[in-house]
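Structure record follows, encoded as structure tokens.
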Amino acid sequence: MRPILLQGHERSLTQIKFNQEGDLLFSCSKDHIINVWFSHNGERLGTYNGHNGTVWTIDMDSKSFFLVSGSADNEMRLWSVQTGKCLFVWEFPTAVKRVAFSDDDKQVVCITEQRMGHQGAIRIFDINRDGDGTQQSLEPTSMFHPVGSKATVCAFPYMPGLILTGHESGKVALFDAQTGEEVLSNERAHMDVVTDLQLSPDRSYFITSSKDKTARIHDAKTLTVLKTFSTETPLNSAALAPNMPYVLLGGGQEAMSVTTTSLRQGKFEARFWHRVFEEEVGRVKGHFGPLNTIAVHPAGTAYASGGEDGFVRVHHFDESYFKTRPYGETEILN
Amino acid sequence: ADAAEETTVSAELVAQRKRAVDEWNAWRVRVGEEVEEVRRARGELVARIQEETEKEQEQDKEEIE
């Protein structure tokens, strides 16, 4: 595997994502900047400038036409992927912690933080795709406040009218997008903060990572836990590797509690687990701090990790990765 | 005896893994059908709304004329 080191951020990475075609990789960071890179060579294609705080989260529509971002400056922004222009700004009373597009690109769901007399909120916006994208509605089509534990991550599952959430308590839940009613929940999906949630390509299942040191695969409709991957470190991110029976996990102890040796050597690892057998199959070292975010190329040909160290590392898999069948020739459906 | 035991253990492991894969694949097929159904239903709904909107627009046009 040849890693490409992307140096374009001055502070830790918060989220990275491949577009649907896989030719572009987007990254956002505490340095207030969003970058886009060519995934095959790591060349920087452009920067999205405008936020005045940590950019916590990004998502792109399936056409790579719009980019949406959420920031600690209490703004959600809509950008033109191609021109880098900011098309629209939504302002909120608190920071935007997570954004996600629906599969038809017509809606965006976002989580704003609970803080200083403001409840945490989930809002859903209709995205006007007519014209140049600058004509958007300031008002959400719906908004609700999950009672109990704060929501940390969210997404649109394949079931229409529902929003999938992960929470600070470790809970995973489904909410009615219109009424905000909690339709289903698994209170004990995790024992600590849910740090990431990534859907399968058909949005029928998803993987979560947690500070409780585990990652789990859940059925999106029933919220049943199907698989558990238990590590010895708090996890910040988990990704499904399409077309291969693996999941990728990233995390690590905060730099404060780590010995200086591991800081020097870039010992922080991406971990590969077999998604069906729940066994660890390999690790890739490289980062100098915890891995904050992991993304896999939609064709499963590469993966990228974003670290607390401010680096993005892109790894294109070699032939041997595709040929290796550590558990025999059985076909495992995506 | 050890070798025999090892063979039994590995045979059990192989069987266990096969079950895990079969279970996963069966679930994927079942859910795949459900996802397809939801997509089809939504597609039909979108098509119907489009058709109705087009009809309305045509009526509007006739009225203007």
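Following the order of the structure tokens, chains are lettered A, B, ..., residues in each are numbered from 1, and ligands are numbered from 1.
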Requested in this report: Report as a list in words the set of chain A residues whose atoms approach chain B to within 7 Å, with distances computed over only C-alpha atoms.
Outcome: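 Residues of chain A within 7 Å of chain B, counting only C-alpha atoms: Tyr158, Val276, Phe277, Ile332 and Leu333 of chain A.
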Serialized selection, all heavy atoms, as a compact mmCIF listing (two decimals), in the first residue's frame:
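Output saved as out34.txt:
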```txt
# COMPACT_ATOMS: atom_id res chain seq x y z
N TYR A 158 -32.68 4.26 4.61
CA TYR A 158 -33.47 4.02 3.40
C TYR A 158 -34.96 4.16 3.63
O TYR A 158 -35.72 4.39 2.71
CB TYR A 158 -33.14 2.64 2.80
CG TYR A 158 -33.84 1.48 3.46
CD1 TYR A 158 -35.06 1.00 2.96
CD2 TYR A 158 -33.31 0.87 4.59
CE1 TYR A 158 -35.71 -0.07 3.58
CE2 TYR A 158 -33.95 -0.19 5.20
CZ TYR A 158 -35.15 -0.65 4.70
OH TYR A 158 -35.78 -1.68 5.32
N VAL A 276 -17.92 -9.87 9.14
CA VAL A 276 -18.84 -10.97 9.50
C VAL A 276 -18.29 -11.80 10.66
O VAL A 276 -19.01 -12.17 11.57
CB VAL A 276 -19.12 -11.88 8.28
CG1 VAL A 276 -19.96 -13.09 8.68
CG2 VAL A 276 -19.85 -11.09 7.20
N PHE A 277 -16.99 -12.07 10.66
CA PHE A 277 -16.40 -12.93 11.71
C PHE A 277 -15.99 -12.14 12.96
O PHE A 277 -15.62 -12.73 13.97
CB PHE A 277 -15.19 -13.68 11.15
CG PHE A 277 -15.51 -14.49 9.93
CD1 PHE A 277 -14.59 -14.62 8.91
CD2 PHE A 277 -16.74 -15.13 9.81
CE1 PHE A 277 -14.89 -15.37 7.78
CE2 PHE A 277 -17.05 -15.87 8.69
CZ PHE A 277 -16.13 -15.99 7.66
N ILE A 332 -19.12 -12.86 0.34
CA ILE A 332 -19.87 -12.15 1.37
C ILE A 332 -20.54 -10.95 0.72
O ILE A 332 -19.88 -10.11 0.11
CB ILE A 332 -18.95 -11.75 2.53
CG1 ILE A 332 -18.53 -13.03 3.29
CG2 ILE A 332 -19.65 -10.78 3.47
CD1 ILE A 332 -17.35 -12.88 4.17
N LEU A 333 -21.84 -10.90 0.80
CA LEU A 333 -22.59 -9.84 0.12
C LEU A 333 -22.36 -8.50 0.80
O LEU A 333 -22.23 -8.42 2.01
CB LEU A 333 -24.08 -10.19 0.10
CG LEU A 333 -24.45 -11.45 -0.68
CD1 LEU A 333 -25.94 -11.75 -0.54
CD2 LEU A 333 -24.09 -11.34 -2.15
```
If we count only C-alpha atoms, what is near Leu235 (chain A) at a cut-off of 9 Å, once residues fewer than 4 positions away on the same chain are taken out, given as a PDB file with N, CA and C atoms, in the first residue's frame?
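Written out: part_13.pdb:
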```
ATOM      1  N   VAL A 194     -21.439   7.993  21.051  1.00  0.00           N
ATOM      2  CA  VAL A 194     -21.344   7.515  19.670  1.00  0.00           C
ATOM      3  C   VAL A 194     -20.604   8.598  18.877  1.00  0.00           C
ATOM      4  N   THR A 195     -19.453   8.243  18.305  1.00  0.00           N
ATOM      5  CA  THR A 195     -18.577   9.237  17.679  1.00  0.00           C
ATOM      6  C   THR A 195     -18.707   9.292  16.161  1.00  0.00           C
ATOM      7  N   ASP A 196     -19.207   8.236  15.554  1.00  0.00           N
ATOM      8  CA  ASP A 196     -19.352   8.245  14.095  1.00  0.00           C
ATOM      9  C   ASP A 196     -20.476   7.291  13.708  1.00  0.00           C
ATOM     10  N   SER A 209     -19.087   4.008  15.714  1.00  0.00           N
ATOM     11  CA  SER A 209     -17.933   3.863  16.591  1.00  0.00           C
ATOM     12  C   SER A 209     -18.259   4.586  17.885  1.00  0.00           C
ATOM     13  N   SER A 210     -17.556   4.202  18.956  1.00  0.00           N
ATOM     14  CA  SER A 210     -17.864   4.817  20.247  1.00  0.00           C
ATOM     15  C   SER A 210     -16.623   4.930  21.113  1.00  0.00           C
ATOM     16  N   LYS A 211     -16.711   5.857  22.075  1.00  0.00           N
ATOM     17  CA  LYS A 211     -15.675   5.996  23.091  1.00  0.00           C
ATOM     18  C   LYS A 211     -15.623   4.746  23.980  1.00  0.00           C
ATOM     19  N   ASP A 212     -16.654   3.898  23.886  1.00  0.00           N
ATOM     20  CA  ASP A 212     -16.667   2.667  24.695  1.00  0.00           C
ATOM     21  C   ASP A 212     -15.736   1.599  24.118  1.00  0.00           C
ATOM     22  N   LYS A 213     -14.930   1.990  23.105  1.00  0.00           N
ATOM     23  CA  LYS A 213     -13.893   1.145  22.500  1.00  0.00           C
ATOM     24  C   LYS A 213     -14.428   0.082  21.554  1.00  0.00           C
ATOM     25  N   THR A 214     -15.707   0.167  21.239  1.00  0.00           N
ATOM     26  CA  THR A 214     -16.249  -0.791  20.279  1.00  0.00           C
ATOM     27  C   THR A 214     -16.805  -0.061  19.050  1.00  0.00           C
ATOM     28  N   ALA A 215     -16.917  -0.816  17.978  1.00  0.00           N
ATOM     29  CA  ALA A 215     -17.665  -0.369  16.801  1.00  0.00           C
ATOM     30  C   ALA A 215     -18.724  -1.435  16.586  1.00  0.00           C
ATOM     31  N   THR A 231     -12.224  -3.255  20.621  1.00  0.00           N
ATOM     32  CA  THR A 231     -10.803  -2.900  20.620  1.00  0.00           C
ATOM     33  C   THR A 231     -10.386  -2.495  22.037  1.00  0.00           C
ATOM     34  N   LEU A 249     -11.483   0.782  11.444  1.00  0.00           N
ATOM     35  CA  LEU A 249     -11.731   1.524  12.677  1.00  0.00           C
ATOM     36  C   LEU A 249     -10.552   2.437  12.984  1.00  0.00           C
ATOM     37  N   GLY A 250     -10.869   3.616  13.532  1.00  0.00           N
ATOM     38  CA  GLY A 250      -9.813   4.547  13.906  1.00  0.00           C
ATOM     39  C   GLY A 250     -10.101   5.192  15.243  1.00  0.00           C
ATOM     40  N   GLY A 251      -9.030   5.436  15.980  1.00  0.00           N
ATOM     41  CA  GLY A 251      -9.192   6.076  17.283  1.00  0.00           C
ATOM     42  C   GLY A 251      -7.844   6.250  17.924  1.00  0.00           C
ATOM     43  N   GLY A 252      -7.784   5.984  19.216  1.00  0.00           N
ATOM     44  CA  GLY A 252      -6.523   6.103  19.945  1.00  0.00           C
ATOM     45  C   GLY A 252      -6.701   6.965  21.177  1.00  0.00           C
ATOM     46  N   GLN A 253      -5.839   6.716  22.153  1.00  0.00           N
ATOM     47  CA  GLN A 253      -5.878   7.525  23.378  1.00  0.00           C
ATOM     48  C   GLN A 253      -5.421   8.932  23.045  1.00  0.00           C
ATOM     49  N   PRO A 290      -4.276  10.435  17.588  1.00  0.00           N
ATOM     50  CA  PRO A 290      -5.460   9.618  17.329  1.00  0.00           C
ATOM     51  C   PRO A 290      -6.055   9.867  15.942  1.00  0.00           C
ATOM     52  N   LEU A 291      -6.645   8.839  15.364  1.00  0.00           N
ATOM     53  CA  LEU A 291      -7.352   8.969  14.094  1.00  0.00           C
ATOM     54  C   LEU A 291      -8.747   9.498  14.419  1.00  0.00           C
ATOM     55  N   ASN A 292      -9.072  10.653  13.863  1.00  0.00           N
ATOM     56  CA  ASN A 292     -10.370  11.264  14.155  1.00  0.00           C
ATOM     57  C   ASN A 292     -11.445  10.846  13.173  1.00  0.00           C
TER      58      ASN A 292
END
```
Report task. Skip Phe88 (chain A) itself and residues of its chain fewer than 2 positions away, then list as number ranges by chain all residues within 7 Å of it, counting only C-alpha atoms. Result -> A: 77-78, 86, 90, 134, 136
Query raised in the report: So how many Å separate CA of Phe156 (chain A) and CA of Ser102 (chain A), to one decimal?
Result: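 Computing the Euclidean distance for CA of Phe156 (chain A) and CA of Ser102 (chain A) yields 5.5 Å.
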Query raised in the report: So what do you get for CA of Leu138 (chain A) versus CA of Ile33 (chain A), distance-wise?
Result: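 Atom-to-atom, CA of Leu138 (chain A) and CA of Ile33 (chain A) are spaced 23.4 Å apart.
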Report task. May I have the residues within 8 Å of Thr152 (chain A) as number ranges by chain, using only C-alpha atoms and disregarding those fewer than 4 positions away in the same chain? Result -> A: 97-98, 111, 165-168, 193-195
